[in-house]
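The structure appears below as structure tokens.
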Amino acid sequence: MQKFLNKAKWFYLGLLFAVPLITLLLTESVHRGSFTKALAWIPESSFSFLISYLFFFLFISALAFTPKKLFIPLLFIQLFLWLTIAVGSYKKYQLRGDYFNPTDLTLIKEGVAITSYINGLFTWKYIIAFILFITLIVGIIYVMIKMTEPLQFKLRVILSLLSIAGLTALLYNPTVFSLRATPANNVEEYEKLGLVGGFLSMREKTKIVHPEEYTKSEIKKITGSLKQTTEVDENFKPNVIVVLAEAFWDPLLMTNLQFEKDPIPFYRSMTEQSSSGQLVTHTYGGGTINTEMEILTGLSTRFLPEGNESFNSQITRPIDSLAHNFRNQGYNTTAVHTFKNWFYDRNLTYRWLGFEKFVSMEFFSNPAHIGSFIDDRDLMKQTLSELKKTKGPDFINTVTVSSHGPYDDIRYEDLKSCGNTPKLSKVPQYVLDLYCQVLSDTDDALRVLVEGVEKLDEPTMIVVYGDHLPMLGYDYAVYREANYFKSLNSYEDYMKLHETPLVVWDNFSKPEEKEQLKMTPNFLGSYILSHAKKEKSPIFQASSKVYEQGSHVIPKTVFNAQEGIDEAILKDYKLLQYDILFGDQYNYSIDSVEPVKNFLLGSERMTIKKVTVSGNKLTIKGKNFVFNTKVFIDGKEQDISFVSESKITVTTPKKLEKDKQVKIILKVLDDRDTSISESNEITFQVD
């Protein structure tokens with residue numbers, strides 16, 4: 001007994017009980033923003049605190065079977081893991097007012113990619129502090145290994161097995177965290193249940209429930225009852241350009257501030273003779289893909305469980321869209337975006353949605369930049385280029401990026417002030433100044449697009465919308481100092497937080513046809529089809545039916561009463577969405593939805609026509625070359641000079657051998673070294 005209770009073993013037992021508590025308190029302190037708030041949580045939600053402690057105790061005890069030289073480092077590794085998750089969730093809360101949710105797991109690569117654009121995350125101060133911290137931890141681990149003697153191996157194995165069983169029980173019964181609490185939303189889930197309890201509870205609530213009324217006959221009945229309720233003109237085929245303007249918003253709505261200059265004068269001029277108003281989005285400060293996909297598909301994130309409102313994780317197969325609707329009626333379908341092709345899986349999703357090609361940032365030749373982002377004016381020039389090069393009408397989905405937040409970085413050598421009075425405190429004022437400047441640049445990009453369209457003299461409609469409000473500082477700093485919000489829980493402030501500009505400009509409507517618009521994104525797709533006088537597929541007929549019955553805004557469920565939402569009206573619409581995303585897609589049984597077989601990444605396929613050689617210099621001539629083109633000879637990348645879209649020169653390390661055949665191919669690689677476009681391969685022989 002004396003041997004069992006020696007100091008080293010008592011220390012080991014102490015670690016088993018103390019480290020879970022330390023992990024829990026540190027994690028909650030980071031996640032809540034202060035140690036004081038973490039301590040206050042204990043008496044407020046004591047039961048959730050105890051269950052959270054039990055979770056961490058079981059999690060750590062599950063590792064007890066390992067030898068001490070591995071177990072001790074694992075204690076610190078797991079602490080680092082939980083702290084990393086807590087930091088990420090807290091940063092999201094500061095920027096967007098929402099904590100980590102289960103669908104964020106599908107956006108890890110996007111989160112990692114965008115961190116390079118967030119100022120202050122990796123300063124030298126933090127890097128040095130991190131190195132010193134790691135050095136300290138290594139020293140502590142060394143001392144603890146010397147001071148510790150583990151329990152007998154059999155006891156440790158039994159403890160690990162029991163802990164794994166207990167951990168499994170908690171994971172499959174997360175409601176135990178909320179037995180003494182009733183959180184109302186995502187934020188309250190975490191505030192009352194803790195980081196682990198909040199996440200597990202959210203995961204449980206985000207599960208998709210199979211509707212009892214979902215059957216093939218019911219879907220057939222619904223689609224059979226839908227009709228084309230607006231005029232269709234097969235001979236009228238206007239070009240349709242839909243512009244997602246990143247974080248596009250009107251700062252003049254902050255009426256407690258006076259501005260010397262309007263940052264979006266051109267947009268405002270578009271609204272004078274065109275239908276315009278507000279798009280009531282379902283996201284703040286981010287989540288671009290949700291707004292975009294709602295418009296393109298006619299589906300609503302409001303029909304998904306809270307915390308699972310991400311189309312990035314739901315669109316995993318071909319589904320109907322505006323692109324399919326327009327392509328089936330003789331249109332060319334193109335997506336253009338000045339960011340990475342793989343971001344939000346657009347390289348896959350656009351194909352499933354029926355686009356014929358996707359021109360991403362990798363295919364822009366030597367574009368101008370605003371900070372780290374490609375200038376939106378170059379994006380509009382590319383959009384016009386796509387419009388000009390095709391025969392027949394075009395549907396183009398254009399997604400901007402240069403106005404992306406956060407707005408505390410340096411993008412301009414000489415940043416101009418918004419000229420607002422009164423002035424805000426230092427950091428929020430800088431954020432507002434930078435936002436006004438990038439907004440002004442996006443506004444000028446819209447001018448480039450509209451003026452370019454006017455020169456074409458073709459019937460064209462341009463739809464411009466903001467995907468979400470900009471995240472103007474941590475914890476809504478700019479909005480708060482401008483007294484824009486009173487209570488984020490009120491319906492009035494909910495609308496303020498989610499209303500973005502919307503305009504439907506065209507060169508063929510009569511002035512008296514101008515409308516005042518206000519709708520959620522899921523209705524905009526059917527509105528676009530109606531405005532272009534095109535046929536609608538069932539999902540757009542369903543959204544149009546609800547819209548025509550007077551429901552233009554589907555808000556957060558708690559505000560349904562304020563919008564007069566009748567759930568009975570939405571029933572068929574919801575069931576059709578379930579069929580499309582999670583069901584057997586019965587509504588596609590007659591008109592199947594198939595992706596484009598020859599879907600293209602890039603504007604046009606690169607083609608090698610001729611190769612000449614002089615010494616160790618090759619000249620490759622052809623068409624559709626881009627600035628980022630790589631040349632491979634017998635599988636090895638070469639040094640090149642991009643001359644033009646039809647000419648590239650290659651300098652090889654040594655002369656190519658005479659009479660030897662070599663294989664030459666052009667490729668475009670993205671930042672993950674994935675080949676996203678390739679030319680024809682030619683076999684060349686030096687004479």
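Residues are referred to by chain and number: the chain letter is A, B, ... according to the order shown in the structure tokens, the number counts from 1 in that chain, and ligands are numbered separately from 1 in the order shown.
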Output as JSON lines one row per residue of range 153-271 of chain A within 7 Å of range 486-510 of chain A: the closest atom pair and its distance in Å to one decimal place, counting only C-alpha atoms, sorted by chain and residue number ascending.
{"residue": "A:Phe248", "atom": "CA", "partner": "A:Thr500", "partner_atom": "CA", "distance": 6.9}
{"residue": "A:Trp249", "atom": "CA", "partner": "A:Thr500", "partner_atom": "CA", "distance": 5.6}
{"residue": "A:Met270", "atom": "CA", "partner": "A:Trp505", "partner_atom": "CA", "distance": 6.5}
{"residue": "A:Thr271", "atom": "CA", "partner": "A:Val503", "partner_atom": "CA", "distance": 6.2}
Requested in this report: Could you pull out the residues in range 325-516 of chain A that DSSP calls strand (DSSP E) from the backbone, as a ChimeraX atom specification?
Outcome: /A:332-337,357-359,369-370,373-374,394-399,420-421,460-466,499-506,516
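Take the candidates A:Phe485, A:Tyr465, A:Tyr90, A:Tyr12 and check each one against Ser34 in chain A using only C-alpha atoms; the shortest distance goes to A:Tyr90.
In this comparison, which uses only C-alpha atoms, the residue of A:His337, A:Lys536, A:Arg203, A:Lys597 approaching Val242 in chain A most closely is A:His337.
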Find the spatial neighbours of Lys518 in chain A, counting only C-alpha atoms, within a cut-off of 6 Å - ignore same-chain residues fewer than 3 positions away - and output them as an mmCIF file with C-alpha atoms, in the first residue's frame.
data_model
loop_
_atom_site.group_PDB
_atom_site.id
_atom_site.type_symbol
_atom_site.label_atom_id
_atom_site.label_comp_id
_atom_site.auth_asym_id
_atom_site.auth_seq_id
_atom_site.Cartn_x
_atom_site.Cartn_y
_atom_site.Cartn_z
ATOM 1 C CA GLY A 277 -34.206 48.045 -52.472
ATOM 2 C CA GLN A 278 -32.882 45.649 -49.857
ATOM 3 C CA LEU A 279 -31.796 42.048 -49.799
#
**Report entry** Proximity to Met361 in chain A - best of A:Pro459, A:Gly197, A:Gly602, A:Pro67, only C-alpha atoms
**Finding:** A:Gly602
Which parts of range 500-564 of chain A does DSSP call helix (DSSP H, G or I) when run on the backbone here, written out as a PDB file with C-alpha atoms, in the first residue's frame?
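Output saved as out-v3.pdb:
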ATOM      1  CA  PRO A 511     -39.447  53.720 -66.233  1.00  0.00           C
ATOM      2  CA  GLU A 512     -42.950  52.967 -64.952  1.00  0.00           C
ATOM      3  CA  GLU A 513     -41.953  49.327 -64.368  1.00  0.00           C
ATOM      4  CA  PRO A 521     -31.952  35.768 -51.247  1.00  0.00           C
ATOM      5  CA  ASN A 522     -33.976  32.613 -51.967  1.00  0.00           C
ATOM      6  CA  PHE A 523     -36.564  34.717 -53.845  1.00  0.00           C
ATOM      7  CA  LEU A 524     -34.124  36.667 -55.998  1.00  0.00           C
ATOM      8  CA  GLY A 525     -33.435  33.795 -58.407  1.00  0.00           C
ATOM      9  CA  SER A 526     -37.095  33.441 -59.390  1.00  0.00           C
ATOM     10  CA  TYR A 527     -37.374  37.243 -59.629  1.00  0.00           C
ATOM     11  CA  ILE A 528     -34.444  37.271 -62.079  1.00  0.00           C
ATOM     12  CA  LEU A 529     -36.062  34.584 -64.246  1.00  0.00           C
ATOM     13  CA  SER A 530     -39.336  36.519 -64.259  1.00  0.00           C
ATOM     14  CA  HIS A 531     -37.599  39.769 -65.179  1.00  0.00           C
ATOM     15  CA  PRO A 538     -40.104  23.600 -60.058  1.00  0.00           C
ATOM     16  CA  ILE A 539     -37.960  24.999 -57.231  1.00  0.00           C
ATOM     17  CA  PHE A 540     -38.114  28.509 -58.688  1.00  0.00           C
ATOM     18  CA  GLN A 541     -41.836  28.101 -59.332  1.00  0.00           C
ATOM     19  CA  ALA A 542     -42.228  27.158 -55.669  1.00  0.00           C
ATOM     20  CA  SER A 543     -40.290  30.190 -54.421  1.00  0.00           C
ATOM     21  CA  SER A 544     -42.193  32.411 -56.853  1.00  0.00           C
ATOM     22  CA  LYS A 545     -45.504  31.055 -55.555  1.00  0.00           C
ATOM     23  CA  VAL A 546     -44.616  31.954 -51.967  1.00  0.00           C
ATOM     24  CA  TYR A 547     -43.388  35.387 -53.084  1.00  0.00           C
ATOM     25  CA  GLU A 548     -46.609  36.095 -54.970  1.00  0.00           C
ATOM     26  CA  THR A 557     -37.738  31.877 -36.960  1.00  0.00           C
ATOM     27  CA  VAL A 558     -38.188  34.033 -33.842  1.00  0.00           C
ATOM     28  CA  PHE A 559     -39.191  36.940 -36.098  1.00  0.00           C
ATOM     29  CA  ASN A 560     -41.727  35.062 -38.247  1.00  0.00           C
ATOM     30  CA  ALA A 561     -44.608  36.860 -36.532  1.00  0.00           C
ATOM     31  CA  GLN A 562     -43.210  40.293 -37.412  1.00  0.00           C
ATOM     32  CA  GLU A 563     -43.097  39.262 -41.083  1.00  0.00           C
TER      33      GLU A 563
END
Report task. Tell me, as a PyMOL selection string, which residues lie within 6 Å of range 662-664 of chain A, counting only C-alpha atoms; anything in the same chain fewer than 2 positions away does not count. Result -> chain A and resi 632-634+681-684
Report task. Identify, on the basis of only C-alpha atoms, every residue whose closest approach to Lys381 in chain A does not exceed 8 Å; exclude the query and any residue fewer than 4 positions from it along the same chain; express the result as an NGL selection string. Result -> :A and (377 or 385 or 448-449)
What would the file look like if the residues just selected were written as a short mmCIF file (atom, residue, chain, number, x, y, z; two decimals), in the first residue's frame with N, CA and C atoms?
data_model
loop_
_atom_site.label_atom_id
_atom_site.label_comp_id
_atom_site.auth_asym_id
_atom_site.auth_seq_id
_atom_site.Cartn_x
_atom_site.Cartn_y
_atom_site.Cartn_z
N ARG A 377 -12.20 46.13 -60.60
CA ARG A 377 -12.31 46.66 -61.96
C ARG A 377 -11.79 45.65 -62.98
N SER A 385 -15.35 40.74 -71.04
CA SER A 385 -14.66 39.91 -72.03
C SER A 385 -15.42 38.61 -72.27
N VAL A 448 -17.54 50.57 -64.43
CA VAL A 448 -16.83 49.93 -65.55
C VAL A 448 -17.73 48.89 -66.22
N LEU A 449 -18.43 48.11 -65.42
CA LEU A 449 -19.30 47.07 -65.97
C LEU A 449 -20.47 47.67 -66.73
#
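Among the candidates A:Phe259, A:Phe65, A:Phe625, A:Tyr172, the one nearest to Ser603 in chain A when counting only C-alpha atoms is A:Phe625.
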Query - Atom pair CA of Ile22 in chain A / CA of Gly166 in chain A: separation (Å) - result: 20.3 Å
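As for CA of Asp579 in chain A and CA of Tyr344 in chain A, they are spaced 22.9 Å apart.
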